[in-house]
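Structure record follows, encoded as structure tokens.
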Amino acid sequence: MPTVVVMDVSLSMTRPVSVEGSEEYQRKHLAAHGLTMLFEHMATNYKLEFTALVVFSSLWELMVPFTRDYNTLQEALSNMDDYDKTCLESALLGVCNIVQQEWGAAIPCQVVLVTDGCLGIGRGSLRHSLATHNQRSESNRFPLPFPFPSKLYVMCMANLEELQSTDSLDCLERLIDLNNGEGQIFTIDGPLCLKNVQSMFGKLIDLAYTPFHAVLKCGHLASDVQVFPRPEPFIIDEEIDPIPKAINTDLEIVGFVDIADISSPPVLSRHLVLPIALNREGDEVGPGITDDTEDENSANQIAGKIPNFCVLLHGSLKVEGMVAVVQLGPEWYGMLYSQADSKKKSNLMMSLFEPGPEPLPWLGKVPQLGPISDAKENPYGEDDNKSPFPLQPKNKRSYAQNVTVWIKPSGLQTDVQKILRNARKLPEKTQTFYKELNRLRKAALAFGFLELLKGVADMLERECTLLPDTAHPDAAFQLTHAAQQLKVASTGASEYAAYDHNIAPLQTDFSSSSTERM
């Protein structure tokens with residue numbers, strides 16, 4: 001994920017630091033030393049990371065836009081000037097603008113804020129910003145939380161005792177809280193010196209910039225790989241006590257599926273899978289960057305001559321048009337596939353599914369999938385003209401059934417009129433009449449609309465009194481029977497008021513004789 005380094009260049013960063021030796025150091029020199037260490041680490045282990053450098057005092061300036069050239073970032077550290085007072089809010093607002101212009105609001109980003117803990121003076125200071133946080137309008141809102149997924153790391157060029165002597169630590173912790181708790185504050189342990197600054201930035205590297213190395217396995221084949229960016233632990237919301245779930249360092253391929261069958265599934269995140277070549281002595285050759293160009297070229301030549309399962313897998317998936325289903329942990333799966341950046345270049349990618357045995361409903365449960373050879377007949381057909389996927393669900397979905405919906409009064413009126421039309425055509429429409437009557441009855445019971453049942457019963461009794469002399473005698477019996485059953489159901493206190501109970505036609509001499517004639 002991209003990184004924005006926000007460097008404080010206010011006057012307070014020029015305060016001298018007593019360091020052993022003749023050379024005089026300022027706090028900004030300690031910060032530059034720590035950032036140099038971070039950039040060197042990223043150039044070696046995180047060379048695909050995009051990083052930007054922003055400096056701020058009362059205003060902010062983008063010194064280096066998002067780049068992978070860490071030499072440019074290190075040169076910018078030595079060319080920073082000193083400015084006036086600290087105004088952290090303007091810097092955070094600048095970070096919002098920079099990230100949204102470059103990456104939008106969906107890409108996670110890490111913000112590394114380097115400051116000495118001085119909050120500024122008067123209007124524009126962090127104390128003033130936090131004090132007026134709740135009185136702001138939407139157009140003048142505080143930049144935190146960031147409008148994009150983010151983690152805010154505050155690197156303080158001060159020790160804990162110095163921050164606790166004022167309210168600086170409380171205000172900085174409030175920043176983390178405003179960012180939905182995503183982030184951490186780092187302070188120098190002990191006196192201010194180069195060694196302790198290196199230790200503080202080392203903690204940041206261990207937390208956020210340690211490369212994720214894993215072993216990709218398939219049967220007896222295996223390959224050391226780096227997964228970039230580092231997969232974040234996933235928290236399952238449905239659990240009572242959510243526990244972060246992290247993927248294993250052993251990635252086991254459990255099978256292969258056609259791209260057409262897996263389609264375009266929903267995923268949590270996508271990652272590059274880069275092979276790590278080892279020379280014969282066991283030292284890593286890639287994917288890191290060596291300082292000397294000749295050494296790098298020779299290392300790449302050596303790595304290119306060593307067979308690698310990751311390269312074999314990537315080429316096979318690309319040619320066969322398939323994906324590899326990989327197990328990330330207990331009941332957690334993902335997929336490996338080839339993604340083309342251009343016509344000539346493609347990469348091996350890994351997407352993480354949501355944890356669970358059935359991340360993709362149309363494939364069913366992953367542990368129940370098996371090879372084609374286990375099937376009695378080829379599920380894809382002799383000519384590959386069919387597919388066993390998607391699996392048909394055993395239970396009929398609620399949205400696929402004919403459910404009675406009364407969103408508008410016209411829908412209810414239509415259902416009642418349908419019953420009355422069939423009532424006037426009794427006994428010829430007896431079956432249709434009771435079918436519609438039972439459908440309305442169940443819907444009314446489900447909605448708790450018992451008044452409707454009594455109202456329809458009164459309508460049927462009225463229809464019975466309005467029957468012409470030429471009407472069939474069975475019609476009056478059926479209407480009276482249906483009205484009585486609806487009244488009983490409207491009370492809700494009888495076995496006939498049960499939801500699963502259906503009103504059956506009344507058996508009469510007229511109905512039996514008409515049945516015999518039919």
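As shown in the structure tokens, the chain order sets the letters A, B, ...; within each chain, residues go from 1, and ligands are also counted from 1 in the order they appear.
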Skip segment 121-124 of chain A itself and residues of its chain fewer than 6 positions away, then list as a tab-separated table (two decimals) with all heavy atoms, in the first residue's frame all residues within 9 Å of it, counting only C-alpha atoms.
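So part_11.tsv came out as:
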```
chain	number	residue	atom	x	y	z
A	58	SER	N	3.55	25.94	9.14
A	58	SER	CA	2.21	26.53	9.08
A	58	SER	C	1.53	26.19	7.77
A	58	SER	O	0.29	26.20	7.67
A	58	SER	CB	2.27	28.05	9.27
A	58	SER	OG	3.06	28.63	8.24
A	85	LYS	N	5.94	28.12	12.57
A	85	LYS	CA	5.29	27.33	13.61
A	85	LYS	C	4.63	26.07	13.05
A	85	LYS	O	4.44	25.92	11.83
A	85	LYS	CB	4.25	28.17	14.34
A	85	LYS	CG	3.03	28.54	13.49
A	85	LYS	CD	1.99	29.24	14.33
A	85	LYS	CE	0.70	29.47	13.52
A	85	LYS	NZ	-0.36	30.07	14.34
A	86	THR	N	4.25	25.18	13.93
A	86	THR	CA	3.64	23.90	13.57
A	86	THR	C	2.13	24.07	13.40
A	86	THR	O	1.46	24.64	14.26
A	86	THR	CB	3.90	22.85	14.65
A	86	THR	OG1	5.31	22.72	14.84
A	86	THR	CG2	3.31	21.50	14.25
A	87	CYS	N	1.62	23.58	12.28
A	87	CYS	CA	0.17	23.53	12.04
A	87	CYS	C	-0.15	22.16	11.45
A	87	CYS	O	-0.10	21.97	10.23
A	87	CYS	CB	-0.29	24.65	11.12
A	87	CYS	SG	-2.08	24.71	10.87
A	88	LEU	N	-0.43	21.22	12.32
A	88	LEU	CA	-0.58	19.83	11.90
A	88	LEU	C	-1.85	19.61	11.08
A	88	LEU	O	-1.88	18.76	10.19
A	88	LEU	CB	-0.59	18.94	13.14
A	88	LEU	CG	-0.53	17.43	12.91
A	88	LEU	CD1	0.66	17.07	12.04
A	88	LEU	CD2	-0.45	16.69	14.24
A	89	GLU	N	-2.90	20.37	11.36
A	89	GLU	CA	-4.16	20.17	10.64
A	89	GLU	C	-4.01	20.42	9.15
A	89	GLU	O	-4.54	19.67	8.32
A	89	GLU	CB	-5.25	21.08	11.21
A	89	GLU	CG	-6.60	20.90	10.51
A	89	GLU	CD	-7.68	21.78	11.11
A	89	GLU	OE1	-7.46	22.38	12.17
A	89	GLU	OE2	-8.77	21.86	10.49
A	90	SER	N	-3.25	21.47	8.79
A	90	SER	CA	-3.06	21.76	7.36
A	90	SER	C	-2.28	20.64	6.68
A	90	SER	O	-2.54	20.30	5.52
A	90	SER	CB	-2.33	23.09	7.19
A	90	SER	OG	-1.01	23.02	7.71
```
Query raised in the report: Between A:Pro2, A:Gly315, A:Asp206, A:Thr166, which one has atoms that come closest to Ala106 of chain A, using only C-alpha atoms?
Result: A:Pro2
Report task. For Ser150 of chain A, list every protein, DNA or RNA residue within 6 Å, evaluated using only C-alpha atoms, and leave out those in the same chain fewer than 5 positions away; present the list as an MDAnalysis selection string. Result -> chainID A and resid 108:110
Limited to N, CA and C atoms, could you put the picked residues into a file as a PDB file, in the first residue's frame?
```pdb
ATOM      1  N   PRO A 108      -5.906   1.466   0.403  1.00  0.00           N
ATOM      2  CA  PRO A 108      -5.337   1.713   1.746  1.00  0.00           C
ATOM      3  C   PRO A 108      -3.997   2.420   1.646  1.00  0.00           C
ATOM      4  N   CYS A 109      -3.734   3.276   2.607  1.00  0.00           N
ATOM      5  CA  CYS A 109      -2.509   4.066   2.591  1.00  0.00           C
ATOM      6  C   CYS A 109      -1.955   4.170   4.013  1.00  0.00           C
ATOM      7  N   GLN A 110      -0.630   4.207   4.126  1.00  0.00           N
ATOM      8  CA  GLN A 110       0.031   4.376   5.421  1.00  0.00           C
ATOM      9  C   GLN A 110       0.627   5.770   5.486  1.00  0.00           C
TER      10      GLN A 110
END
```
Set out as a Markdown table a contact list for segment 5-83 of chain A and segment 268-275 of chain A with a cut-off of 12 Å, giving each residue of segment 5-83 of chain A that qualifies its closest atom pair and distance in Å to one decimal, counting only C-alpha atoms, ordered by chain and rising residue number.
```
| residue | atom | partner | partner_atom | distance |
| --- | --- | --- | --- | --- |
| A:Asn45 | CA | A:Leu274 | CA | 11.7 |
| A:Tyr46 | CA | A:Leu274 | CA | 11.7 |
| A:Lys47 | CA | A:Leu274 | CA | 12.0 |
| A:Leu48 | CA | A:Leu272 | CA | 9.9 |
| A:Glu49 | CA | A:Leu272 | CA | 11.9 |
```
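The space separating atom CA of Gly370 of chain A from atom CA of Ala214 of chain A comes to 25.6 Å.
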Requested in this report: Just the residues within 12 Å of Lys429 of chain A, please, counting only C-alpha atoms, with nothing from its chain fewer than 3 positions along; format it as a list in words.
Outcome: Lys418, Ile419, Leu420, Arg421, Asn422, Ala423, Arg424, Lys425, Leu426, Thr432, Phe433, Tyr434, Lys435, Glu436, Leu437, Asp474, Ala475, Gln478, Pro505 and Ser511 of chain A
Requested in this report: Compare A:Gly334, A:Ile243, A:Phe146, A:Leu251 by their minimum atom-to-atom distance to Leu216 of chain A, counting only C-alpha atoms, and give me the closest one.
Outcome: A:Leu251
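As for atom CA of Asp81 of chain A and atom CA of Ser10 of chain A, they are spaced 9.1 Å apart.
With only C-alpha atoms taken into account, the protein and nucleic acid residues at most 8 Å from Phe212 of chain A (excluding it and anything under 2 positions from it in its own chain) are Thr210, Ala214, Gln226, Val227, Phe228, Pro229, Arg230 and Pro231 of chain A.
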Those same residues, written as a compact mmCIF listing (two decimals), in the first residue's frame with N, CA and C atoms?
```txt
# COMPACT_ATOMS: atom_id res chain seq x y z
N THR A 210 7.74 -5.06 7.30
CA THR A 210 8.45 -6.34 7.21
C THR A 210 7.87 -7.13 6.05
N ALA A 214 6.75 -16.50 2.45
CA ALA A 214 5.98 -17.73 2.63
C ALA A 214 6.57 -18.81 1.74
N GLN A 226 7.61 -14.13 -1.87
CA GLN A 226 7.24 -12.94 -1.10
C GLN A 226 5.87 -12.48 -1.57
N VAL A 227 4.99 -12.23 -0.64
CA VAL A 227 3.64 -11.75 -0.95
C VAL A 227 3.61 -10.25 -0.70
N PHE A 228 3.29 -9.48 -1.75
CA PHE A 228 3.31 -8.03 -1.65
C PHE A 228 2.00 -7.45 -2.18
N PRO A 229 1.38 -6.49 -1.49
CA PRO A 229 1.76 -6.00 -0.17
C PRO A 229 1.46 -7.03 0.92
N ARG A 230 1.99 -6.79 2.09
CA ARG A 230 1.84 -7.74 3.20
C ARG A 230 0.36 -7.93 3.51
N PRO A 231 -0.15 -9.17 3.56
CA PRO A 231 -1.57 -9.40 3.88
C PRO A 231 -1.89 -8.96 5.31
```
